[in-house]
file structure09.txt (compact mmCIF, C-alpha atoms)
# COMPACT_ATOMS: atom_id res chain seq x y z
CA MET W 1 148.09 96.46 127.31
CA VAL W 2 146.92 94.15 124.54
CA THR W 3 149.72 92.69 122.49
CA VAL W 4 149.44 91.71 118.84
CA LEU W 5 149.72 88.09 119.87
CA ASP W 6 146.76 88.37 122.24
CA ARG W 7 144.69 90.10 119.60
CA ASP W 8 145.46 87.37 117.05
CA SER W 9 144.70 84.51 119.40
CA GLU W 10 141.49 86.25 120.46
CA LEU W 11 140.50 86.68 116.79
CA ARG W 12 141.37 83.10 116.03
CA ARG W 13 139.27 81.89 118.96
CA ARG W 14 136.33 83.94 117.69
CA ALA W 15 136.77 82.51 114.19
CA TRP W 16 137.02 78.98 115.56
CA ASP W 17 133.89 79.42 117.70
CA ALA W 18 131.96 80.81 114.74
CA ALA W 19 133.00 77.90 112.49
CA ALA W 20 132.39 75.38 115.28
CA SER W 21 128.80 76.62 115.66
CA VAL W 22 127.90 75.13 112.27
CA VAL W 23 125.93 71.89 112.57
CA ASP W 24 125.55 68.88 110.31
CA PRO W 25 122.41 69.63 108.25
CA GLU W 26 121.30 65.98 108.49
CA ILE W 27 122.08 65.59 112.21
CA PRO W 28 121.46 69.04 113.65
CA VAL W 29 122.49 68.05 117.20
CA LEU W 30 126.10 67.58 116.08
CA SER W 31 128.41 70.50 115.38
CA ILE W 32 131.24 70.09 112.89
CA ALA W 33 133.60 70.28 115.87
CA ASP W 34 131.81 67.31 117.51
CA LEU W 35 132.08 65.41 114.23
CA GLY W 36 135.79 66.07 113.83
CA VAL W 37 135.14 67.69 110.46
CA LEU W 38 136.57 71.05 111.56
CA ARG W 39 140.33 70.71 111.30
CA ASP W 40 141.99 74.10 111.46
CA VAL W 41 141.40 77.83 111.44
CA VAL W 42 144.20 80.00 110.07
CA LEU W 43 144.29 83.78 110.38
CA ASP W 44 146.30 85.93 108.01
CA GLY W 45 145.72 89.57 108.93
CA ASP W 46 141.94 89.88 108.90
CA HIS W 47 141.51 87.02 106.45
CA VAL W 48 140.46 83.68 107.77
CA GLU W 49 140.77 80.25 106.20
CA VAL W 50 138.99 77.22 107.63
CA ALA W 51 140.14 73.69 106.86
CA ILE W 52 137.53 70.94 106.89
CA THR W 53 137.77 67.27 106.04
CA PRO W 54 135.07 65.32 104.21
CA THR W 55 133.40 62.42 106.00
CA TYR W 56 132.07 59.95 103.44
CA SER W 57 133.44 60.53 99.91
CA GLY W 58 130.06 61.36 98.48
CA CYS W 59 128.42 63.06 101.44
CA PRO W 60 126.25 65.84 99.95
CA ALA W 61 126.21 67.70 103.28
CA MET W 62 129.81 68.86 102.77
CA ASN W 63 128.88 71.59 100.28
CA MET W 64 126.19 72.83 102.63
CA ILE W 65 128.60 72.79 105.58
CA ALA W 66 131.21 74.81 103.64
CA LEU W 67 128.59 77.41 102.73
CA GLU W 68 127.33 77.68 106.30
CA ILE W 69 130.88 78.15 107.63
CA GLU W 70 131.33 81.12 105.30
CA ILE W 71 128.02 82.60 106.42
CA ALA W 72 128.85 82.07 110.12
CA LEU W 73 132.25 83.75 109.74
CA GLU W 74 130.81 86.71 107.85
CA ARG W 75 128.22 87.16 110.58
CA ALA W 76 131.07 87.16 113.10
CA GLY W 77 132.69 90.01 111.19
CA PHE W 78 135.27 88.21 109.08
CA ARG W 79 135.28 89.33 105.48
CA HIS W 80 135.84 86.97 102.54
CA PRO W 81 136.34 83.82 104.59
CA LYS W 82 137.68 80.82 102.73
CA VAL W 83 136.97 77.13 103.27
CA ARG W 84 139.58 74.64 102.23
CA THR W 85 139.12 70.85 102.02
CA VAL W 86 141.91 68.64 103.30
CA LEU W 87 141.88 64.92 102.56
CA SER W 88 144.89 63.75 104.50
CA PRO W 89 144.80 62.22 107.04
CA ALA W 90 141.42 60.71 106.14
CA TRP W 91 138.52 61.36 108.50
CA THR W 92 137.37 58.52 110.70
CA THR W 93 134.49 58.16 113.15
CA ASP W 94 137.18 57.79 115.85
CA TRP W 95 137.51 61.58 115.72
CA MET W 96 133.98 62.09 116.93
CA SER W 97 134.10 63.59 120.42
CA GLU W 98 132.67 61.85 123.49
CA ALA W 99 130.22 64.73 123.84
CA GLY W 100 129.26 64.17 120.19
CA ARG W 101 128.59 60.46 120.78
CA GLU W 102 126.40 61.26 123.77
CA LYS W 103 124.44 63.88 121.78
CA LEU W 104 123.87 61.33 119.02
CA ARG W 105 122.55 58.76 121.48
CA ALA W 106 120.22 61.29 123.09
CA TYR W 107 118.97 62.23 119.60
CA GLY W 108 118.06 58.57 118.91
CA ILE W 109 121.02 57.56 116.73
CA ALA W 110 123.34 54.82 117.98
CA PRO W 111 126.90 56.25 117.93
CA PRO W 112 129.71 54.53 116.00
CA GLN W 113 131.74 51.89 117.81
CA ALA W 114 134.87 53.30 119.38
CA SER W 115 137.38 51.88 116.94
CA SER W 116 136.73 51.82 113.23
CA SER W 117 138.89 48.78 112.68
CA ARG W 118 138.06 46.26 109.99
CA ARG W 119 136.88 44.02 112.82
CA ALA W 120 134.21 46.61 113.56
CA LEU W 121 133.38 46.76 109.85
CA PHE W 122 133.09 43.03 109.38
CA GLY W 123 133.03 41.30 112.73
CA GLU W 124 130.21 40.65 115.11
CA GLN W 125 128.52 43.95 115.69
CA ALA W 126 126.86 44.68 119.00
CA VAL W 127 124.94 47.92 118.69
CA ALA W 128 122.96 49.02 121.72
CA CYS W 129 119.50 50.49 121.18
CA PRO W 130 119.68 54.27 121.70
CA GLN W 131 116.09 54.32 123.04
CA CYS W 132 116.03 51.57 125.68
CA GLY W 133 119.69 50.54 125.89
CA SER W 134 119.02 46.88 125.07
CA ASP W 135 121.77 45.02 123.22
CA LYS W 136 119.25 42.67 121.60
CA THR W 137 119.22 44.43 118.24
CA GLU W 138 119.34 43.39 114.60
CA LEU W 139 120.50 44.91 111.34
CA LEU W 140 117.70 45.71 108.89
CA SER W 141 119.74 47.34 106.14
CA GLU W 142 123.42 48.17 105.77
CA PHE W 143 122.47 51.45 104.11
CA GLY W 144 120.17 53.95 105.76
CA SER W 145 118.75 57.42 105.32
CA THR W 146 122.17 58.99 104.70
CA SER W 147 125.50 57.55 103.59
CA CYS W 148 126.84 57.48 107.16
CA LYS W 149 123.98 55.47 108.68
CA ALA W 150 122.62 51.93 108.74
CA LEU W 151 119.09 50.91 109.71
CA TRP W 152 118.69 48.71 112.81
CA ARG W 153 115.82 47.47 114.97
CA CYS W 154 115.64 46.80 118.67
CA LYS W 155 114.16 43.40 119.54
CA THR W 156 113.32 44.53 123.07
CA CYS W 157 111.42 47.77 122.51
CA ARG W 158 110.70 46.97 118.82
CA GLU W 159 111.73 50.45 117.72
CA PRO W 160 113.75 50.89 114.50
CA PHE W 161 116.75 53.19 114.83
CA ASP W 162 119.65 54.63 112.85
CA TYR W 163 123.20 53.54 113.58
CA PHE W 164 126.08 55.85 112.69
CA LYS W 165 128.41 53.45 110.86
CA CYS W 166 132.10 53.11 111.55
CA HIS W 167 134.25 54.80 108.99
CA MET I 1 127.16 70.30 69.50
CA ALA I 2 127.63 73.57 71.30
CA VAL I 3 130.53 72.58 73.56
CA ALA I 4 133.82 71.21 72.30
CA ASN I 5 135.44 68.30 74.09
CA ILE I 6 138.31 69.28 76.34
CA GLN I 7 141.81 68.03 75.69
CA VAL I 8 143.61 66.23 78.49
CA SER I 9 147.40 65.83 78.68
CA GLU I 10 147.48 62.24 79.78
CA THR I 11 150.75 61.84 81.63
CA PRO I 12 150.96 58.43 83.33
CA LEU I 13 149.76 59.88 86.65
CA VAL I 14 146.86 61.79 85.06
CA LEU I 15 145.84 58.74 83.05
CA TYR I 16 146.05 56.57 86.16
CA ALA I 17 143.73 58.87 88.12
CA LEU I 18 141.32 59.25 85.19
CA ARG I 19 140.99 55.49 84.83
CA ARG I 20 140.04 55.03 88.49
CA ALA I 21 137.82 58.12 88.51
CA ASP I 22 136.00 56.94 85.37
CA ASP I 23 135.44 53.49 86.91
CA ALA I 24 133.82 55.08 89.95
CA LEU I 25 131.74 57.64 88.05
CA ILE I 26 130.37 55.22 85.44
CA LEU I 27 129.54 52.51 87.97
CA GLY I 28 128.01 55.13 90.27
CA HIS I 29 125.89 56.43 87.40
CA ARG I 30 124.75 52.94 86.48
CA LEU I 31 123.67 52.28 90.08
CA SER I 32 121.84 55.60 90.21
CA GLU I 33 119.63 54.29 87.38
CA TRP I 34 118.05 52.00 89.98
CA CYS I 35 116.93 54.94 92.11
CA GLY I 36 113.15 54.64 92.40
CA HIS I 37 113.15 51.26 90.60
CA ALA I 38 114.79 48.78 92.98
CA PRO I 39 112.76 45.74 94.07
CA MET I 40 112.35 47.04 97.65
CA LEU I 41 112.85 50.25 99.55
CA GLU I 42 115.95 49.10 101.45
CA GLU I 43 117.64 48.15 98.18
CA ASP I 44 116.67 51.42 96.56
CA MET I 45 118.46 53.21 99.39
CA ALA I 46 121.40 50.81 99.38
CA LEU I 47 122.10 51.13 95.65
CA SER I 48 121.68 54.92 95.78
CA ASN I 49 124.04 55.09 98.78
CA ILE I 50 126.66 53.01 96.99
CA ALA I 51 126.25 55.22 93.91
CA LEU I 52 126.82 58.26 96.12
CA ASP I 53 130.01 56.79 97.60
CA LEU I 54 131.35 55.99 94.13
CA ILE I 55 130.54 59.41 92.69
CA GLY I 56 132.25 60.96 95.73
CA GLN I 57 135.35 58.86 95.07
CA ALA I 58 135.21 59.93 91.42
CA ARG I 59 135.11 63.61 92.40
CA GLU I 60 138.21 63.30 94.56
CA LEU I 61 140.07 61.36 91.86
CA TYR I 62 139.08 63.84 89.12
CA THR I 63 140.25 66.72 91.30
CA PHE I 64 143.52 64.87 91.84
CA ALA I 65 143.84 64.27 88.07
CA ALA I 66 143.20 67.94 87.31
CA GLN I 67 145.84 69.03 89.83
CA ALA I 68 148.32 66.50 88.46
CA GLU I 69 147.68 67.81 84.95
CA GLY I 70 148.08 71.41 86.11
CA LYS I 71 146.06 72.96 83.28
CA ASP I 72 142.63 74.53 83.12
CA ASN I 73 140.60 71.37 83.72
CA ASP I 74 138.61 70.53 86.84
CA GLU I 75 136.38 67.71 88.09
CA ASP I 76 133.33 68.96 86.20
CA LYS I 77 135.10 69.42 82.88
CA LEU I 78 136.70 65.99 83.16
CA ALA I 79 133.33 64.37 83.82
CA TYR I 80 131.12 66.36 81.45
CA LEU I 81 133.31 67.42 78.54
CA ARG I 82 135.12 64.29 77.42
CA ASP I 83 133.62 62.13 74.73
CA VAL I 84 133.30 58.37 74.83
CA ARG I 85 136.73 57.66 73.29
CA GLN I 86 138.34 59.81 75.99
CA TYR I 87 136.81 57.75 78.79
CA ARG I 88 139.18 55.25 80.42
CA ASN I 89 136.90 53.09 82.58
CA LEU I 90 136.70 49.31 82.66
CA LEU I 91 134.26 47.72 80.21
CA LEU I 92 132.77 45.92 83.22
CA VAL I 93 131.36 49.04 84.87
CA GLU I 94 129.62 50.39 81.76
CA GLN I 95 127.65 47.18 81.15
CA PRO I 96 123.90 47.79 81.46
CA ASN I 97 122.13 47.03 84.73
CA GLY I 98 120.18 44.16 83.17
CA ASP I 99 118.18 42.41 85.87
CA PHE I 100 118.91 42.71 89.59
CA ALA I 101 121.27 39.70 89.42
CA GLN I 102 123.37 41.26 86.70
CA THR I 103 123.67 44.52 88.64
CA LEU I 104 124.75 42.66 91.79
CA VAL I 105 127.21 40.36 90.01
CA ARG I 106 128.82 43.39 88.34
CA GLN I 107 129.01 45.05 91.76
CA PHE I 108 130.41 41.92 93.37
CA PHE I 109 133.20 41.54 90.79
CA TYR I 110 134.12 45.22 91.10
CA SER I 111 133.79 45.60 94.89
CA ALA I 112 135.81 42.45 95.60
CA PHE I 113 138.59 44.10 93.61
CA ALA I 114 138.11 47.66 94.92
CA ASP I 115 138.20 46.46 98.53
CA LEU I 116 141.63 44.87 98.06
CA TYR I 117 142.90 47.58 95.77
CA TRP I 118 142.14 50.60 97.94
CA ARG I 119 143.40 48.86 101.06
CA ALA I 120 146.72 48.29 99.31
CA MET I 121 146.72 51.85 97.99
CA MET I 122 146.68 53.24 101.53
CA ASN I 123 150.47 52.71 101.42
CA SER I 124 150.92 54.94 98.38
CA ARG I 125 153.82 57.36 98.59
CA ASP I 126 151.43 60.05 97.39
CA ALA I 127 149.66 61.43 100.48
CA THR I 128 146.52 62.48 98.58
CA LEU I 129 146.10 59.11 96.86
CA ALA I 130 146.69 57.39 100.21
CA ALA I 131 143.97 59.55 101.81
CA ILE I 132 141.50 58.89 98.99
CA ALA I 133 142.30 55.19 99.36
CA ALA I 134 141.73 55.27 103.13
CA LYS I 135 138.17 56.50 102.58
CA SER I 136 137.42 54.35 99.56
CA GLU I 137 138.67 51.25 101.35
CA LYS I 138 136.07 51.50 104.11
CA GLU I 139 133.29 52.28 101.68
CA SER I 140 134.30 49.39 99.41
CA ALA I 141 134.21 47.01 102.38
CA TYR I 142 130.52 47.86 102.94
CA HIS I 143 129.81 47.54 99.21
CA LEU I 144 131.47 44.14 99.09
CA ARG I 145 129.58 42.84 102.10
CA HIS I 146 126.28 44.00 100.61
CA ALA I 147 126.99 42.44 97.19
CA SER I 148 128.30 39.18 98.72
CA GLU I 149 125.13 38.70 100.78
CA TRP I 150 123.03 39.18 97.66
CA ILE I 151 125.12 36.74 95.57
CA ILE I 152 124.57 34.08 98.23
CA ARG I 153 120.87 34.85 98.50
CA LEU I 154 120.33 34.82 94.73
CA GLY I 155 122.50 31.77 94.00
CA ASP I 156 121.17 29.73 96.88
CA GLY I 157 117.62 31.06 96.48
CA THR I 158 114.99 29.93 94.00
CA ASP I 159 115.64 28.09 90.72
CA GLU I 160 114.87 31.32 88.90
CA SER I 161 117.26 33.50 90.94
CA HIS I 162 119.98 30.84 90.64
CA VAL I 163 119.68 30.70 86.85
CA ARG I 164 119.76 34.47 86.58
CA ALA I 165 122.78 34.85 88.87
CA GLN I 166 124.70 32.16 87.00
CA ALA I 167 123.84 33.76 83.65
CA ALA I 168 125.11 37.12 84.90
CA ILE I 169 128.39 35.56 86.06
CA ASP I 170 128.88 33.86 82.69
CA ARG I 171 128.02 37.03 80.82
CA LEU I 172 130.28 39.43 82.78
CA TRP I 173 133.25 37.15 83.43
CA ALA I 174 135.18 38.15 80.29
CA PHE I 175 135.23 41.79 81.48
CA THR I 176 137.11 41.04 84.71
CA GLY I 177 140.59 40.55 83.24
CA GLU I 178 140.93 44.24 82.48
CA MET I 179 140.99 45.09 86.20
CA PHE I 180 144.41 43.47 86.54
CA ALA I 181 146.10 44.79 83.39
CA VAL I 182 148.73 47.53 83.51
CA ASP I 183 150.58 49.41 80.75
CA ASP I 184 154.16 50.74 80.76
CA GLY I 185 153.17 54.12 82.21
CA GLU I 186 151.39 52.54 85.14
CA ARG I 187 154.23 50.07 85.64
CA ALA I 188 156.59 53.01 86.16
CA LEU I 189 154.23 54.40 88.83
CA ILE I 190 154.16 50.98 90.48
CA HIS I 191 157.96 50.89 90.63
CA ALA I 192 157.97 54.38 92.13
CA GLY I 193 155.66 53.21 94.95
CA ILE I 194 152.94 55.69 93.96
CA VAL I 195 150.42 53.04 92.95
CA VAL I 196 150.10 49.31 93.56
CA ASP I 197 150.20 46.46 91.06
CA PRO I 198 146.63 45.22 90.59
CA GLY I 199 147.96 41.98 89.12
CA ALA I 200 149.36 41.06 92.53
CA LEU I 201 145.82 41.12 93.96
CA ARG I 202 144.26 38.68 91.50
CA GLY I 203 144.87 35.59 93.65
CA ARG I 204 143.11 37.06 96.69
CA TRP I 205 140.33 38.44 94.48
CA LEU I 206 139.75 34.92 93.11
CA THR I 207 139.69 33.50 96.63
CA THR I 208 136.93 35.93 97.63
CA LEU I 209 134.96 35.04 94.52
CA SER I 210 135.45 31.30 95.02
CA ASP I 211 134.39 31.41 98.68
CA ILE I 212 131.22 33.38 98.02
CA THR I 213 130.15 31.59 94.84
CA ARG I 214 130.70 28.20 96.50
CA GLU I 215 128.40 29.20 99.34
CA ALA I 216 125.96 30.50 96.72
CA THR I 217 126.08 27.16 94.80
CA LEU I 218 127.25 29.11 91.73
CA THR I 219 130.16 28.29 89.42
CA LEU I 220 132.95 30.52 88.15
CA PRO I 221 133.71 30.05 84.45
CA GLN I 222 136.88 28.21 83.48
CA ASN I 223 137.20 30.36 80.39
CA ASP I 224 140.27 32.61 80.65
CA TRP I 225 139.73 34.67 77.51
CA MET I 226 139.31 38.30 78.50
CA GLN I 227 137.94 41.30 76.62
CA GLN I 228 139.94 44.52 76.95
CA GLY I 229 139.71 48.03 75.54
CA GLY I 230 138.11 50.37 78.07
CA ARG I 231 141.42 51.51 79.56
CA SER I 232 142.47 52.88 76.15
CA GLY I 233 139.08 54.30 75.16
CA ARG I 234 137.69 51.42 73.07
CA HIS I 235 134.30 50.91 74.64
CA SER I 236 131.18 48.84 74.16
CA GLU I 237 128.21 50.60 72.53
CA HIS I 238 126.64 51.13 75.96
CA LEU I 239 128.94 53.88 77.22
CA GLY I 240 127.99 56.46 74.58
CA HIS I 241 124.32 56.16 75.54
CA LEU I 242 125.17 56.51 79.23
CA LEU I 243 127.29 59.63 78.60
CA SER I 244 124.60 61.25 76.47
CA GLU I 245 122.39 61.20 79.53
CA LEU I 246 125.08 62.01 82.09
CA GLN I 247 126.39 64.96 80.06
CA SER I 248 123.17 66.26 78.52
CA MET I 249 122.80 69.35 80.73
CA GLN I 250 126.37 70.62 80.26
CA ARG I 251 126.27 69.87 76.54
CA THR I 252 122.96 71.70 76.15
CA PHE I 253 123.62 74.61 78.52
CA PRO I 254 127.40 75.11 78.59
CA GLY I 255 128.73 76.21 81.97
CA LEU I 256 125.40 75.67 83.70
CA THR I 257 125.56 75.81 87.50
CA TRP I 258 122.89 74.98 90.06
call {"tool": "encode", "arguments": {"input": "structure09.txt", "output": "structure tokens"}}
result
Amino acid sequence: MVTVLDRDSELRRRAWDAAASVVDPEIPVLSIADLGVLRDVVLDGDHVEVAITPTYSGCPAMNMIALEIEIALERAGFRHPKVRTVLSPAWTTDWMSEAGREKLRAYGIAPPQASSSRRALFGEQAVACPQCGSDKTELLSEFGSTSCKALWRCKTCREPFDYFKCH
Amino acid sequence: MAVANIQVSETPLVLYALRRADDALILGHRLSEWCGHAPMLEEDMALSNIALDLIGQARELYTFAAQAEGKDNDEDKLAYLRDVRQYRNLLLVEQPNGDFAQTLVRQFFYSAFADLYWRAMMNSRDATLAAIAAKSEKESAYHLRHASEWIIRLGDGTDESHVRAQAAIDRLWAFTGEMFAVDDGERALIHAGIVVDPGALRGRWLTTLSDITREATLTLPQNDWMQQGGRSGRHSEHLGHLLSELQSMQRTFPGLTW
């Protein structure tokens, strides 16, 4: 016998999986669950509300992500899904999953340092090259192709690469 | 003019949020004017990225202001449907880009303040303001580092870049006092622990400026006379021109959406 509770938790899991399938449009190897952007999925009857948290204040991908969550939920059979933005507590790169960091590295983007302390923001940065693993790297520009990335270069393999900045 | 200006009920909290939102939007818009014109590709991307951060901060602060007001306004109306006398930003941020030195000195003065200010604001008793501050603080730290490196490079660079950087400092200095001024409404918010007293940050702000300008072989003016007015809507002639561009689509096609 299926209880109401089972049915709800099964529905919620389906809604979560659908929302979690959405990827960052700029970094398509990372899902919003990997990024730590997906915060909560709340079911009320058949209505579903997804809470997400913005990464960088001005990140233009957030609008796209919200739209894609709605589409993913409608495809999964949820009608009139809602996406809500929560600001508090503020997102940090510390919320990025280990799997997410590994996916980033494999994609050619150096993952953020483990702790987004001010030391990591201002101190000596040691960013390993995502291509060859060398730690002989240098910063080319603090601001890269998107607001979350900086442009670096490896002195060993001479390849330029993106670094996902601490936030 | 097809669209009337909106009215805003400026309670102390609404006015507070509008002032900070206007600072971020106007400075972000100014920086966006460099897009496609910066002296090198990396700088084009850097200035556009900083503009994006600031406009993002403005959006969150406008949304906060609209919620605090509790009327029919929203972030778009607050940005697009207020006229120049309703804008509450610092005179500093509306000053024209000028040459690259003037843009970077303006950014340096502002970011050195914003970095301290948002870090202190993370302790606000208002959870939303504290969350906005937690984001803005990290972004401001990157902006400050970028501007500081340029001030050193320009000041300690060629004779030409030194002269231009010093001229920009002398020209913009009188607009910095306004960052630290508070009125009675804001003082009440300070006492309630909702916002922090910017005046208490001036000493550390000066230390940052002194350290960087010394390394850059530049000099801070001794002149303490400060121009004010932006916080109460009395602006320089430059803001009206900026708004006519920023608002032109909504003024021409009311309610336009992408």
call {"tool": "atom_distance", "arguments": {"input": "structure09.txt", "atom1": "CA of Val42 in chain W", "atom2": "CA of Asp76 in chain I"}}
result
28.5 Å
call {"tool": "residues_near_point", "arguments": {"input": "structure09.txt", "point": "(139.2, 35.4, 81.5)", "cutoff": "7 Å", "atoms": "only C-alpha atoms", "output": "VMD selection string"}}
result
chain I and resid 173 to 174 176 to 177 223 to 226
call {"tool": "write_last_selection", "arguments": {"input": "structure09.txt", "atoms": "C-alpha atoms", "output": "short mmCIF file (atom, residue, chain, number, x, y, z; two decimals), in the coordinates of the input"}}
result
data_model
loop_
_atom_site.label_atom_id
_atom_site.label_comp_id
_atom_site.auth_asym_id
_atom_site.auth_seq_id
_atom_site.Cartn_x
_atom_site.Cartn_y
_atom_site.Cartn_z
CA TRP I 173 133.25 37.15 83.43
CA ALA I 174 135.18 38.15 80.29
CA THR I 176 137.11 41.04 84.71
CA GLY I 177 140.59 40.55 83.24
CA ASN I 223 137.20 30.36 80.39
CA ASP I 224 140.27 32.61 80.65
CA TRP I 225 139.73 34.67 77.51
CA MET I 226 139.31 38.30 78.50
#
call {"tool": "residues_near_point", "arguments": {"input": "structure09.txt", "point": "(133.8, 46.7, 102.6)", "cutoff": "12 Å", "atoms": "all atoms listed in the file", "output": "PyMOL selection string"}}
result
(chain W and resi 117-123+142+165-167) or (chain I and resi 50+53+107-108+110-119+134-149)
call {"tool": "residues_around", "arguments": {"input": "structure09.txt", "residues": "Glu74 in chain W", "least_positions_apart": "6", "cutoff": "10 Å", "atoms": "only C-alpha atoms", "output": "list in words"}}
result
Ala15, Ala18, Glu68, His80 and Pro81 of chain W
call {"tool": "interface_residues", "arguments": {"input": "structure09.txt", "of": "chain I", "to": "chain W", "cutoff": "6 Å", "atoms": "all atoms listed in the file", "output": "PyMOL selection string"}}
result
chain I and resi 46+49+52-53+56-57+131
call {"tool": "atom_distance", "arguments": {"input": "structure09.txt", "atom1": "CA of Val37 in chain W", "atom2": "CA of Glu70 in chain W"}}
result
14.9 Å
call {"tool": "residues_around", "arguments": {"input": "structure09.txt", "residues": "Met249 in chain I", "least_positions_apart": "6", "cutoff": "12 Å", "atoms": "only C-alpha atoms", "output": "ChimeraX atom specification"}}
result
/I:2-3,76,80-81,243,255-258
call {"tool": "write_last_selection", "arguments": {"input": "structure09.txt", "atoms": "C-alpha atoms", "output": "tab-separated table (two decimals), in the coordinates of the input"}}
result
chain	number	residue	atom	x	y	z
I	2	ALA	CA	127.63	73.57	71.30
I	3	VAL	CA	130.53	72.58	73.56
I	76	ASP	CA	133.33	68.96	86.20
I	80	TYR	CA	131.12	66.36	81.45
I	81	LEU	CA	133.31	67.42	78.54
I	243	LEU	CA	127.29	59.63	78.60
I	255	GLY	CA	128.73	76.21	81.97
I	256	LEU	CA	125.40	75.67	83.70
I	257	THR	CA	125.56	75.81	87.50
I	258	TRP	CA	122.89	74.98	90.06
call {"tool": "closest_residue", "arguments": {"input": "structure09.txt", "among": "W:Gln113, W:Ile65, W:Gly133, W:Glu98", "to": "Ile27 in chain W", "atoms": "all atoms listed in the file"}}
result
W:Ile65
call {"tool": "atom_distance", "arguments": {"input": "structure09.txt", "atom1": "CA of Gln247 in chain I", "atom2": "CA of Glu26 in chain W"}}
result
28.9 Å
call {"tool": "residues_around", "arguments": {"input": "structure09.txt", "residues": "Ala21 in chain I", "least_positions_apart": "4", "cutoff": "7 Å", "atoms": "only C-alpha atoms", "output": "list in words"}}
result
Ala17, Leu25, Ala58, Leu61 and Tyr62 of chain I
call {"tool": "residues_around", "arguments": {"input": "structure09.txt", "residues": "Tyr87 in chain I", "least_positions_apart": "4", "cutoff": "10 Å", "atoms": "only C-alpha atoms", "output": "PyMOL selection string"}}
result
chain I and resi 18-19+21-23+26+78-79+82-83+230-235+239-240+243
call {"tool": "write_last_selection", "arguments": {"input": "structure09.txt", "atoms": "C-alpha atoms", "output": "PDB file, in the coordinates of the input"}}
result
ATOM      1  CA  LEU I  18     141.320  59.250  85.190  1.00  0.00           C
ATOM      2  CA  ARG I  19     140.990  55.490  84.830  1.00  0.00           C
ATOM      3  CA  ALA I  21     137.820  58.120  88.510  1.00  0.00           C
ATOM      4  CA  ASP I  22     136.000  56.940  85.370  1.00  0.00           C
ATOM      5  CA  ASP I  23     135.440  53.490  86.910  1.00  0.00           C
ATOM      6  CA  ILE I  26     130.370  55.220  85.440  1.00  0.00           C
ATOM      7  CA  LEU I  78     136.700  65.990  83.160  1.00  0.00           C
ATOM      8  CA  ALA I  79     133.330  64.370  83.820  1.00  0.00           C
ATOM      9  CA  ARG I  82     135.120  64.290  77.420  1.00  0.00           C
ATOM     10  CA  ASP I  83     133.620  62.130  74.730  1.00  0.00           C
ATOM     11  CA  GLY I 230     138.110  50.370  78.070  1.00  0.00           C
ATOM     12  CA  ARG I 231     141.420  51.510  79.560  1.00  0.00           C
ATOM     13  CA  SER I 232     142.470  52.880  76.150  1.00  0.00           C
ATOM     14  CA  GLY I 233     139.080  54.300  75.160  1.00  0.00           C
ATOM     15  CA  ARG I 234     137.690  51.420  73.070  1.00  0.00           C
ATOM     16  CA  HIS I 235     134.300  50.910  74.640  1.00  0.00           C
ATOM     17  CA  LEU I 239     128.940  53.880  77.220  1.00  0.00           C
ATOM     18  CA  GLY I 240     127.990  56.460  74.580  1.00  0.00           C
ATOM     19  CA  LEU I 243     127.290  59.630  78.600  1.00  0.00           C
TER      20      LEU I 243
END
call {"tool": "axis_aligned_box", "arguments": {"input": "structure09.txt", "around": "range 106-114 of chain W", "padding_each_side": "5 Å", "output": "JSON"}}
result
{"center_x": 126.5, "center_y": 57.1, "center_z": 119.5, "size_x": 26.8, "size_y": 20.3, "size_z": 17.1}
call {"tool": "closest_residue", "arguments": {"input": "structure09.txt", "among": "I:Leu246, I:Leu218, I:Val8, I:Val195", "to": "Arg88 in chain I", "atoms": "all atoms listed in the file"}}
result
I:Val8
call {"tool": "closest_residue", "arguments": {"input": "structure09.txt", "among": "W:Val83, W:Leu67, W:Leu11, W:Ala76", "to": "Asp40 in chain W", "atoms": "all atoms listed in the file"}}
result
W:Val83
call {"tool": "residues_around", "arguments": {"input": "structure09.txt", "residues": "Ile194 in chain I", "least_positions_apart": "2", "cutoff": "12 Å", "atoms": "all atoms listed in the file", "output": "PyMOL selection string"}}
result
chain I and resi 12-13+16-17+120-130+133+185-192+196-197
call {"tool": "build_atoms", "arguments": {"input": "structure09.txt", "residues": "range 184-190 of chain I", "atoms": "N, CA and C atoms", "output": "PDB file, in the coordinates of the input"}}
result
ATOM      1  N   ASP I 184     152.807  50.333  80.357  1.00  0.00           N
ATOM      2  CA  ASP I 184     154.160  50.740  80.760  1.00  0.00           C
ATOM      3  C   ASP I 184     154.141  51.960  81.684  1.00  0.00           C
ATOM      4  N   GLY I 185     153.250  52.915  81.377  1.00  0.00           N
ATOM      5  CA  GLY I 185     153.170  54.120  82.210  1.00  0.00           C
ATOM      6  C   GLY I 185     152.815  53.785  83.639  1.00  0.00           C
ATOM      7  N   GLU I 186     151.816  52.900  83.788  1.00  0.00           N
ATOM      8  CA  GLU I 186     151.390  52.540  85.140  1.00  0.00           C
ATOM      9  C   GLU I 186     152.460  51.688  85.837  1.00  0.00           C
ATOM     10  N   ARG I 187     153.175  50.892  85.050  1.00  0.00           N
ATOM     11  CA  ARG I 187     154.230  50.070  85.640  1.00  0.00           C
ATOM     12  C   ARG I 187     155.312  50.950  86.274  1.00  0.00           C
ATOM     13  N   ALA I 188     155.594  52.071  85.601  1.00  0.00           N
ATOM     14  CA  ALA I 188     156.590  53.010  86.160  1.00  0.00           C
ATOM     15  C   ALA I 188     156.095  53.586  87.494  1.00  0.00           C
ATOM     16  N   LEU I 189     154.793  53.885  87.568  1.00  0.00           N
ATOM     17  CA  LEU I 189     154.230  54.400  88.830  1.00  0.00           C
ATOM     18  C   LEU I 189     154.274  53.339  89.924  1.00  0.00           C
ATOM     19  N   ILE I 190     154.085  52.082  89.513  1.00  0.00           N
ATOM     20  CA  ILE I 190     154.160  50.980  90.480  1.00  0.00           C
ATOM     21  C   ILE I 190     155.573  50.890  91.054  1.00  0.00           C
TER      22      ILE I 190
END
